[in-house]
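So this one's model-v9.tsv, TSV, C-alpha atoms and all ligand atoms:
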chain	number	residue	atom	x	y	z
A	1	MET	CA	23.27	1.01	19.01
A	2	ARG	CA	23.70	4.26	17.11
A	3	PHE	CA	20.83	6.53	16.12
A	4	SER	CA	21.14	9.67	14.03
A	5	THR	CA	20.67	12.91	15.97
A	6	ASP	CA	17.78	13.70	13.68
A	7	LEU	CA	16.00	10.43	14.56
A	8	ILE	CA	16.68	10.91	18.27
A	9	SER	CA	15.33	14.47	18.25
A	10	ARG	CA	12.21	13.43	16.27
A	11	LEU	CA	11.50	10.62	18.73
A	12	ARG	CA	12.20	12.75	21.81
A	13	SER	CA	9.87	15.47	20.54
A	14	ALA	CA	7.04	12.93	20.10
A	15	THR	CA	4.35	13.66	22.69
A	16	HIS	CA	2.67	10.30	21.95
A	17	VAL	CA	4.52	7.02	21.38
A	18	ALA	CA	2.71	3.81	20.36
A	19	VAL	CA	4.20	0.36	20.93
A	20	PHE	CA	2.76	-2.58	18.97
A	21	THR	CA	3.87	-6.06	20.08
A	22	GLY	CA	3.55	-9.63	18.84
A	23	ALA	CA	4.59	-13.04	20.08
A	24	GLY	CA	8.30	-12.23	19.64
A	25	VAL	CA	8.23	-9.95	22.68
A	26	SER	CA	7.30	-12.93	24.89
A	27	ALA	CA	9.62	-15.42	23.17
A	28	GLU	CA	12.48	-14.77	25.62
A	29	SER	CA	10.07	-15.49	28.47
A	30	GLY	CA	9.83	-19.01	27.09
A	31	ILE	CA	6.41	-18.66	25.46
A	32	PRO	CA	6.46	-20.22	21.97
A	33	THR	CA	5.63	-17.76	19.19
A	34	PHE	CA	2.55	-18.34	17.12
A	35	ARG	CA	4.52	-19.75	14.23
A	36	ASP	CA	6.76	-21.98	16.29
A	37	ARG	CA	5.99	-25.62	15.76
A	38	GLN	CA	3.48	-26.95	18.26
A	39	SER	CA	4.60	-29.78	20.57
A	40	GLY	CA	3.12	-32.74	22.41
A	41	LEU	CA	-0.49	-33.65	21.81
A	42	TRP	CA	-0.90	-30.83	19.31
A	43	GLN	CA	2.35	-31.27	17.42
A	44	ASN	CA	0.62	-32.22	14.17
A	45	PHE	CA	-1.55	-29.12	14.18
A	46	ASP	CA	-0.63	-25.59	13.36
A	47	ALA	CA	-1.87	-22.95	15.76
A	48	GLN	CA	-3.93	-21.36	13.04
A	49	SER	CA	-6.10	-24.43	12.57
A	50	LEU	CA	-6.65	-24.73	16.32
A	51	ALA	CA	-7.39	-21.05	16.95
A	52	THR	CA	-10.82	-21.12	15.29
A	53	PRO	CA	-14.44	-21.42	16.47
A	54	GLU	CA	-14.83	-24.41	14.16
A	55	ALA	CA	-11.99	-26.32	15.85
A	56	PHE	CA	-13.52	-25.66	19.27
A	57	GLU	CA	-16.96	-26.69	18.01
A	58	ARG	CA	-15.57	-29.86	16.47
A	59	ASP	CA	-13.53	-30.97	19.49
A	60	PRO	CA	-13.87	-28.69	22.53
A	61	ALA	CA	-11.77	-30.92	24.81
A	62	PHE	CA	-8.84	-30.98	22.35
A	63	VAL	CA	-8.84	-27.19	21.89
A	64	TRP	CA	-9.55	-26.38	25.53
A	65	GLY	CA	-6.65	-28.71	26.51
A	66	TRP	CA	-4.36	-26.74	24.18
A	67	TYR	CA	-5.38	-23.42	25.70
A	68	GLU	CA	-5.04	-24.71	29.26
A	69	TRP	CA	-1.56	-26.02	28.41
A	70	ARG	CA	-0.68	-22.60	26.97
A	71	ARG	CA	-2.28	-20.78	29.91
A	72	ALA	CA	-0.20	-22.91	32.32
A	73	ARG	CA	2.92	-21.94	30.32
A	74	VAL	CA	1.97	-18.24	30.60
A	75	LEU	CA	1.39	-18.47	34.36
A	76	ALA	CA	4.74	-20.26	34.78
A	77	SER	CA	6.58	-17.57	32.76
A	78	GLN	CA	7.95	-14.22	33.83
A	79	PRO	CA	8.07	-10.92	31.95
A	80	ASN	CA	11.44	-10.27	30.28
A	81	ALA	CA	13.54	-7.13	29.80
A	82	ALA	CA	11.53	-6.17	26.71
A	83	HIS	CA	8.27	-6.05	28.69
A	84	ARG	CA	10.03	-4.08	31.41
A	85	ALA	CA	11.56	-1.61	28.94
A	86	ILE	CA	8.10	-0.87	27.54
A	87	ALA	CA	6.71	-0.32	31.04
A	88	LEU	CA	9.66	2.01	31.80
A	89	LEU	CA	9.15	3.92	28.54
A	90	ALA	CA	5.62	4.79	29.65
A	91	GLU	CA	7.20	6.78	32.50
A	92	ARG	CA	9.55	8.66	30.16
A	93	VAL	CA	7.22	9.88	27.43
A	94	PRO	CA	4.22	12.19	27.80
A	95	ARG	CA	1.82	9.55	26.46
A	96	LEU	CA	2.30	5.88	25.55
A	97	THR	CA	-0.25	3.53	23.99
A	98	LEU	CA	0.61	-0.16	24.23
A	99	ILE	CA	-1.13	-2.35	21.66
A	100	THR	CA	-0.54	-6.11	21.76
A	101	GLN	CA	-1.57	-9.11	19.68
A	102	ASN	CA	-0.41	-11.33	22.53
A	103	VAL	CA	-2.90	-13.13	24.72
A	104	ASP	CA	-0.53	-13.46	27.68
A	105	ASP	CA	-0.47	-11.07	30.65
A	106	LEU	CA	3.28	-10.42	30.70
A	107	HIS	CA	2.94	-6.73	29.79
A	108	GLU	CA	0.63	-6.24	32.77
A	109	ARG	CA	2.93	-8.21	35.06
A	110	ALA	CA	5.85	-6.02	33.94
A	111	GLY	CA	3.90	-2.97	35.09
A	112	SER	CA	2.22	-1.76	31.87
A	113	ARG	CA	-1.28	-0.39	32.35
A	114	GLU	CA	-4.22	-0.03	29.95
A	115	VAL	CA	-2.83	-2.64	27.53
A	116	LEU	CA	-4.90	-2.89	24.35
A	117	HIS	CA	-5.33	-6.63	23.73
A	118	LEU	CA	-6.44	-6.90	20.08
A	119	HIS	CA	-6.60	-10.71	20.18
A	120	GLY	CA	-8.02	-11.19	23.67
A	121	ARG	CA	-6.49	-12.66	26.82
A	122	ILE	CA	-5.79	-16.32	27.53
A	123	CYS	CA	-6.16	-15.76	31.28
A	124	SER	CA	-9.75	-14.51	30.91
A	125	PRO	CA	-11.94	-17.38	29.69
A	126	TYR	CA	-15.67	-16.65	29.54
A	127	CYS	CA	-18.99	-18.37	29.03
A	128	SER	CA	-19.77	-18.76	25.32
A	129	ALA	CA	-23.50	-18.51	26.12
A	130	CYS	CA	-23.88	-15.59	28.55
A	131	GLY	CA	-20.41	-14.01	28.36
A	132	LEU	CA	-19.80	-14.22	32.11
A	133	GLU	CA	-16.07	-14.26	32.84
A	134	TYR	CA	-14.98	-17.64	34.25
A	135	PRO	CA	-12.55	-17.44	37.22
A	136	ALA	CA	-10.05	-19.91	35.72
A	137	PRO	CA	-8.16	-21.80	38.45
A	138	GLN	CA	-4.39	-22.32	38.38
A	139	PRO	CA	-4.11	-25.09	35.77
A	140	ALA	CA	-1.95	-28.11	36.47
A	141	LEU	CA	1.23	-27.46	34.47
A	142	LEU	CA	0.64	-29.92	31.66
A	143	GLU	CA	3.80	-31.28	30.10
A	144	PRO	CA	3.46	-31.27	26.29
A	145	GLU	CA	4.06	-35.02	26.22
A	146	ARG	CA	1.31	-35.50	28.78
A	147	GLY	CA	-0.78	-32.66	27.38
A	148	ARG	CA	-4.29	-34.05	27.47
A	149	ARG	CA	-7.78	-33.38	26.29
A	150	LEU	CA	-9.67	-31.42	28.89
A	151	GLU	CA	-13.43	-30.90	28.93
A	152	PRO	CA	-14.11	-27.14	29.06
A	153	PRO	CA	-15.86	-26.18	32.31
A	154	ARG	CA	-19.50	-25.12	32.50
A	155	CYS	CA	-20.64	-21.64	33.43
A	156	GLY	CA	-21.85	-21.35	37.05
A	157	GLN	CA	-24.57	-18.91	36.04
A	158	CYS	CA	-26.16	-20.52	32.97
A	159	GLY	CA	-24.44	-23.86	32.43
A	160	GLY	CA	-23.07	-22.71	29.06
A	161	ARG	CA	-19.73	-23.95	27.78
A	162	VAL	CA	-16.73	-21.86	28.87
A	163	ARG	CA	-14.40	-20.84	26.02
A	164	PRO	CA	-10.88	-19.34	25.89
A	165	GLY	CA	-10.89	-15.52	26.21
A	166	VAL	CA	-9.10	-15.04	22.88
A	167	VAL	CA	-10.15	-13.76	19.45
A	168	TRP	CA	-10.14	-16.67	17.02
A	169	PHE	CA	-9.54	-16.46	13.27
A	170	GLY	CA	-12.75	-15.33	11.64
A	171	GLU	CA	-13.88	-13.51	14.81
A	172	SER	CA	-14.00	-9.73	15.08
A	173	LEU	CA	-11.51	-7.84	17.20
A	174	PRO	CA	-12.83	-6.04	20.30
A	175	SER	CA	-14.15	-2.84	18.71
A	176	LEU	CA	-13.05	-0.36	21.41
A	177	ALA	CA	-9.50	-1.72	21.59
A	178	TRP	CA	-9.30	-1.69	17.79
A	179	GLU	CA	-10.56	1.89	17.50
A	180	GLN	CA	-8.10	3.06	20.17
A	181	ALA	CA	-5.26	1.24	18.42
A	182	VAL	CA	-6.03	2.89	15.07
A	183	GLN	CA	-6.29	6.30	16.73
A	184	ALA	CA	-2.92	5.80	18.38
A	185	ALA	CA	-1.29	4.67	15.12
A	186	ARG	CA	-2.72	7.74	13.36
A	187	GLY	CA	-1.77	10.24	16.07
A	188	CYS	CA	1.56	9.08	17.48
A	189	GLY	CA	4.92	10.65	16.64
A	190	GLY	CA	6.81	7.41	17.29
A	191	PHE	CA	5.60	3.83	16.53
A	192	LEU	CA	7.58	0.80	17.72
A	193	CYS	CA	6.61	-2.50	16.04
A	194	VAL	CA	8.15	-5.28	18.15
A	195	GLY	CA	8.30	-9.05	17.59
A	196	THR	CA	5.59	-9.61	15.05
A	197	SER	CA	5.60	-11.25	11.63
A	198	SER	CA	2.89	-8.73	10.66
A	199	ILE	CA	0.87	-11.42	8.91
A	200	VAL	CA	-2.39	-11.36	10.86
A	201	GLU	CA	-4.92	-8.73	9.77
A	202	PRO	CA	-6.29	-6.28	10.60
A	203	ALA	CA	-3.64	-5.86	13.37
A	204	ALA	CA	-0.76	-5.90	10.87
A	205	SER	CA	-2.19	-2.83	9.13
A	206	LEU	CA	-1.41	-0.61	12.14
A	207	THR	CA	2.21	-0.07	11.17
A	208	ARG	CA	1.11	1.02	7.69
A	209	VAL	CA	-1.29	3.49	9.32
A	210	ALA	CA	1.57	4.96	11.39
A	211	ILE	CA	3.85	5.16	8.35
A	212	ALA	CA	1.13	6.92	6.33
A	213	ALA	CA	0.60	9.36	9.20
A	214	GLY	CA	4.28	10.35	9.07
A	215	SER	CA	5.26	8.79	12.41
A	216	VAL	CA	8.85	7.66	13.04
A	217	THR	CA	8.44	3.87	12.79
A	218	ILE	CA	10.96	1.43	14.22
A	219	GLN	CA	10.71	-2.35	13.76
A	220	VAL	CA	12.44	-4.69	16.25
A	221	ASN	CA	12.66	-8.30	15.04
A	222	ILE	CA	15.19	-11.14	14.88
A	223	ASP	CA	14.03	-11.81	11.33
A	224	SER	CA	13.05	-9.84	8.26
A	225	THR	CA	9.41	-9.04	7.50
A	226	TRP	CA	7.61	-7.29	4.64
A	227	LEU	CA	7.91	-4.06	6.65
A	228	ASP	CA	11.72	-3.97	6.41
A	229	ASP	CA	11.85	-1.44	3.57
A	230	LEU	CA	8.89	0.60	4.75
A	231	VAL	CA	9.80	1.52	8.33
A	232	THR	CA	12.10	4.40	9.29
A	233	LEU	CA	14.53	2.05	11.04
A	234	ASN	CA	14.98	-1.70	11.37
A	235	LEU	CA	16.60	-3.00	14.55
A	236	ARG	CA	17.54	-6.59	13.86
A	237	GLY	CA	17.88	-8.55	17.08
A	238	PRO	CA	16.09	-9.98	20.13
A	239	ALA	CA	13.63	-7.64	21.78
A	240	ALA	CA	14.89	-8.34	25.31
A	241	SER	CA	18.20	-6.69	24.46
A	242	MET	CA	17.21	-4.27	21.69
A	243	LEU	CA	14.39	-2.56	23.54
A	244	PRO	CA	16.28	-1.69	26.76
A	245	GLU	CA	19.10	-0.26	24.61
A	246	LEU	CA	16.67	1.73	22.47
A	247	VAL	CA	14.92	3.20	25.51
A	248	ALA	CA	18.23	4.02	27.26
A	249	GLU	CA	19.67	5.66	24.14
A	250	VAL	CA	16.67	7.66	22.99
A	251	TRP	CA	14.78	8.29	26.22
A	252	PRO	CA	17.49	8.29	28.92
A	253	GLN	CA	16.56	8.79	32.54
A	254	ALA	CA	15.81	12.46	33.12
B	1	LIG	C1	-11.00	-10.87	11.30
B	1	LIG	C2	-5.55	-15.37	19.44
B	1	LIG	C3	-12.98	-10.50	10.19
B	1	LIG	C4	-5.75	-16.84	19.38
B	1	LIG	C5	-4.87	-14.69	17.19
B	1	LIG	C6	-8.95	-15.75	4.95
B	1	LIG	C7	-9.94	-16.43	5.63
B	1	LIG	C8	-10.38	-16.04	6.88
B	1	LIG	C9	-9.83	-14.94	7.51
B	1	LIG	C10	-8.83	-14.28	6.81
B	1	LIG	C11	-8.40	-14.65	5.55
B	1	LIG	N1	-7.42	-13.79	5.15
B	1	LIG	C12	-7.22	-12.89	6.14
B	1	LIG	C13	-8.08	-13.18	7.12
B	1	LIG	C14	-8.21	-12.47	8.35
B	1	LIG	C15	-7.49	-13.25	9.45
B	1	LIG	C16	-6.01	-13.30	9.15
B	1	LIG	O1	-5.34	-12.32	9.27
B	1	LIG	N2	-5.50	-14.47	8.75
B	1	LIG	C17	-4.08	-14.54	8.45
B	1	LIG	C18	-3.52	-15.87	8.86
B	1	LIG	C19	-3.89	-14.27	6.96
B	1	LIG	N3	-7.76	-12.45	10.60
B	1	LIG	C20	-8.81	-12.72	11.38
B	1	LIG	O2	-9.54	-13.68	11.23
B	1	LIG	C21	-9.09	-11.69	12.45
B	1	LIG	N4	-10.48	-11.36	12.41
B	1	LIG	O3	-10.41	-10.59	10.32
B	1	LIG	O4	-12.34	-10.75	11.43
B	1	LIG	C22	-14.35	-10.22	10.53
B	1	LIG	C23	-14.86	-9.00	10.17
B	1	LIG	C24	-16.16	-8.74	10.45
B	1	LIG	C25	-16.93	-9.71	11.08
B	1	LIG	C26	-16.40	-10.93	11.45
B	1	LIG	C27	-15.09	-11.20	11.18
B	1	LIG	C28	-8.80	-12.24	13.82
B	1	LIG	C29	-7.32	-12.55	13.93
B	1	LIG	C30	-7.00	-12.92	15.38
B	1	LIG	C31	-6.53	-14.35	15.42
B	1	LIG	N5	-6.10	-14.68	16.79
B	1	LIG	N6	-4.55	-14.96	18.45
B	1	LIG	C32	-4.60	-17.58	20.00
B	1	LIG	O5	-3.60	-16.98	20.42
B	1	LIG	O6	-4.71	-18.83	20.08
B	1	LIG	S1	-3.66	-14.27	16.09
B	1	LIG	C33	-2.15	-14.92	16.53
B	1	LIG	O7	-1.24	-14.47	15.53
B	1	LIG	C34	-1.55	-14.44	17.84
B	1	LIG	O8	-2.35	-13.54	18.55
B	1	LIG	C35	-0.31	-13.71	17.40
B	1	LIG	O9	-0.03	-12.65	18.19
B	1	LIG	C36	-0.74	-13.27	16.06
B	1	LIG	C37	0.26	-12.70	15.15
B	1	LIG	O10	1.38	-13.48	15.18
B	1	LIG	P1	2.73	-12.80	15.75
B	1	LIG	O11	2.43	-12.17	17.07
B	1	LIG	O12	3.30	-11.94	14.71
B	1	LIG	O13	3.57	-14.06	16.02
B	1	LIG	P2	4.40	-14.84	14.93
B	1	LIG	O14	4.77	-16.14	15.53
B	1	LIG	O15	3.69	-14.80	13.62
B	1	LIG	O16	5.69	-13.95	14.72
B	1	LIG	C38	6.60	-13.74	15.78
B	1	LIG	C39	7.59	-12.75	15.25
B	1	LIG	O17	8.50	-12.44	16.28
B	1	LIG	C40	8.41	-13.27	14.08
B	1	LIG	O18	8.55	-12.25	13.11
B	1	LIG	C41	9.77	-13.60	14.72
B	1	LIG	O19	10.82	-13.36	13.81
B	1	LIG	C42	9.81	-12.58	15.82
B	1	LIG	N7	10.61	-12.96	16.99
B	1	LIG	C43	10.76	-14.20	17.53
B	1	LIG	N8	11.54	-14.10	18.64
B	1	LIG	C44	11.86	-12.79	18.78
B	1	LIG	C45	11.29	-12.06	17.73
B	1	LIG	N9	11.44	-10.72	17.60
B	1	LIG	C46	12.17	-10.09	18.53
B	1	LIG	N10	12.76	-10.71	19.57
B	1	LIG	C47	12.64	-12.05	19.73
B	1	LIG	N11	13.23	-12.67	20.77
B	2	ZN	ZN	-23.06	-18.49	31.15

Starting from the file, lay out its structure as structure tokens.
Amino acid sequence: MRFSTDLISRLRSATHVAVFTGAGVSAESGIPTFRDRQSGLWQNFDAQSLATPEAFERDPAFVWGWYEWRRARVLASQPNAAHRAIALLAERVPRLTLITQNVDDLHERAGSREVLHLHGRICSPYCSACGLEYPAPQPALLEPERGRRLEPPRCGQCGGRVRPGVVWFGESLPSLAWEQAVQAARGCGGFLCVGTSSIVEPAASLTRVAIAAGSVTIQVNIDSTWLDDLVTLNLRGPAASMLPELVAEVWPQA
């Protein structure tokens, strides 16, 4: 991987680096991306139609079963070299803000701290009535073929229906996380946009904010996106190999 000396010096002089990740950063951990075809019980549905309050209202057991199957997949997965490279980068730059659209906990399990989860967390279901967090047990690893409808549990405090701890389409993003993400995009000197199709708003607007603020913006993706011609540099390839190389080349061990 070759970077111009100018790019390297601009990135190294950045006192604040922001990293913005999407489903592509967890793909090499075996977690299907949001636009991958669904499988098993849910194969005839696209994630977008399932990830809505209306879908959960209409058939809570069908949607809760999908989330439990996904949560089991997350718990059975391990962070990959991309997650680890981001955790390592936090030790090599003065300040790093990690912003993710992902609902898995692989960044945390790779050692990242203070992760801004714009779309919530699949491992933190909560009561839809009183908001109490529900201590979700280790789900039985449902095979997609045997994926089944599961009745959502009831809240121990108020008896309300427990819901997945994610932000559904049509729901607002957590306001503090969103404000911190926008601040980071505005104020960082380097912005890494990793493994996202940059389709879902308002999250996708963060890279535009960083570009407008004059940050050095680097996109890492196996595919092209509408950002290709707008970012400072496109790194075409899988995050689990591109990110460790990028960190080693630009921010080598002191
Ligand atoms: C909001 C949690 C408003 C759930 C998710 C019309 C009608 C209604 C709403 C809208 C509308 N038009 C726009 C909207 C807004 C809507 C939206 O953006 N819709 C889109 C589809 C157009 N947004 C919302 O509804 C948001 N809320 O706007 O609220 C509001 C305002 C005030 C008051 C009330 C409401 C909420 C959006 C949050 C939705 N929830 N997730 C769950 O997970 O089940 S979003 C979901 O998509 C995931 O979180 C995912 O992270 C996210 C984005 O997808 P990506 O991460 O980019 O994943 P994707 O599969 O798309 O791409 C993967 C990429 O990785 C690809 O580019 C691929 O090439 C690459 N890749 C693959 N492998 C690798 C790789 N790259 C590198 N290495 C690899 N190995
Ligand atoms: Zn409750």

Within 7 Å of ligand ZN 2 (chain B), which residues of chain A come that close, and what is the closest atom pair and distance in Å for each? Count all atoms listed in the file and give it as JSON lines.
{"residue": "A:Cys127", "atom": "CA", "partner": "B:ZN2", "partner_atom": "ZN", "distance": 4.6}
{"residue": "A:Ser128", "atom": "CA", "partner": "B:ZN2", "partner_atom": "ZN", "distance": 6.7}
{"residue": "A:Ala129", "atom": "CA", "partner": "B:ZN2", "partner_atom": "ZN", "distance": 5.0}
{"residue": "A:Cys130", "atom": "CA", "partner": "B:ZN2", "partner_atom": "ZN", "distance": 4.0}
{"residue": "A:Gly131", "atom": "CA", "partner": "B:ZN2", "partner_atom": "ZN", "distance": 5.9}
{"residue": "A:Leu132", "atom": "CA", "partner": "B:ZN2", "partner_atom": "ZN", "distance": 5.5}
{"residue": "A:Cys155", "atom": "CA", "partner": "B:ZN2", "partner_atom": "ZN", "distance": 4.6}
{"residue": "A:Gly156", "atom": "CA", "partner": "B:ZN2", "partner_atom": "ZN", "distance": 6.7}
{"residue": "A:Gln157", "atom": "CA", "partner": "B:ZN2", "partner_atom": "ZN", "distance": 5.1}
{"residue": "A:Cys158", "atom": "CA", "partner": "B:ZN2", "partner_atom": "ZN", "distance": 4.1}
{"residue": "A:Gly159", "atom": "CA", "partner": "B:ZN2", "partner_atom": "ZN", "distance": 5.7}
{"residue": "A:Gly160", "atom": "CA", "partner": "B:ZN2", "partner_atom": "ZN", "distance": 4.7}

- [ ] Return as a VMD selection string the residues of protein, DNA or RNA that approach ligand LIG 1 (chain B) to within 8 Å, with all atoms listed in the file taken into account.
- [x] chain A and resid 21 to 28 32 to 36 47 to 48 50 to 52 67 100 to 103 118 to 122 166 to 173 194 to 203 220 to 225 236 to 240

Task: Close residues, Ala212 of chain A itself excluded, 10 Å, all atoms listed in the file, min 5 positions apart in chain, as JSON, numbers by chain - done: {"A": [185, 186, 206, 207]}

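Picture a line from atom CA of Ser77 of chain A to atom CA of Ile31 of chain A; it runs 7.4 Å.
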
- [ ] Go through A:Arg154, A:Arg109, A:Arg84, A:His117 and flag the residue nearest Gln180 of chain A, using all atoms listed in the file for the distances.
- [x] A:His117

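Between Leu227 of chain A and the candidates A:Glu57, A:Gly187, A:Ser112, A:Arg208, the tightest atom-to-atom separation, counting only C-alpha atoms, involves A:Arg208.
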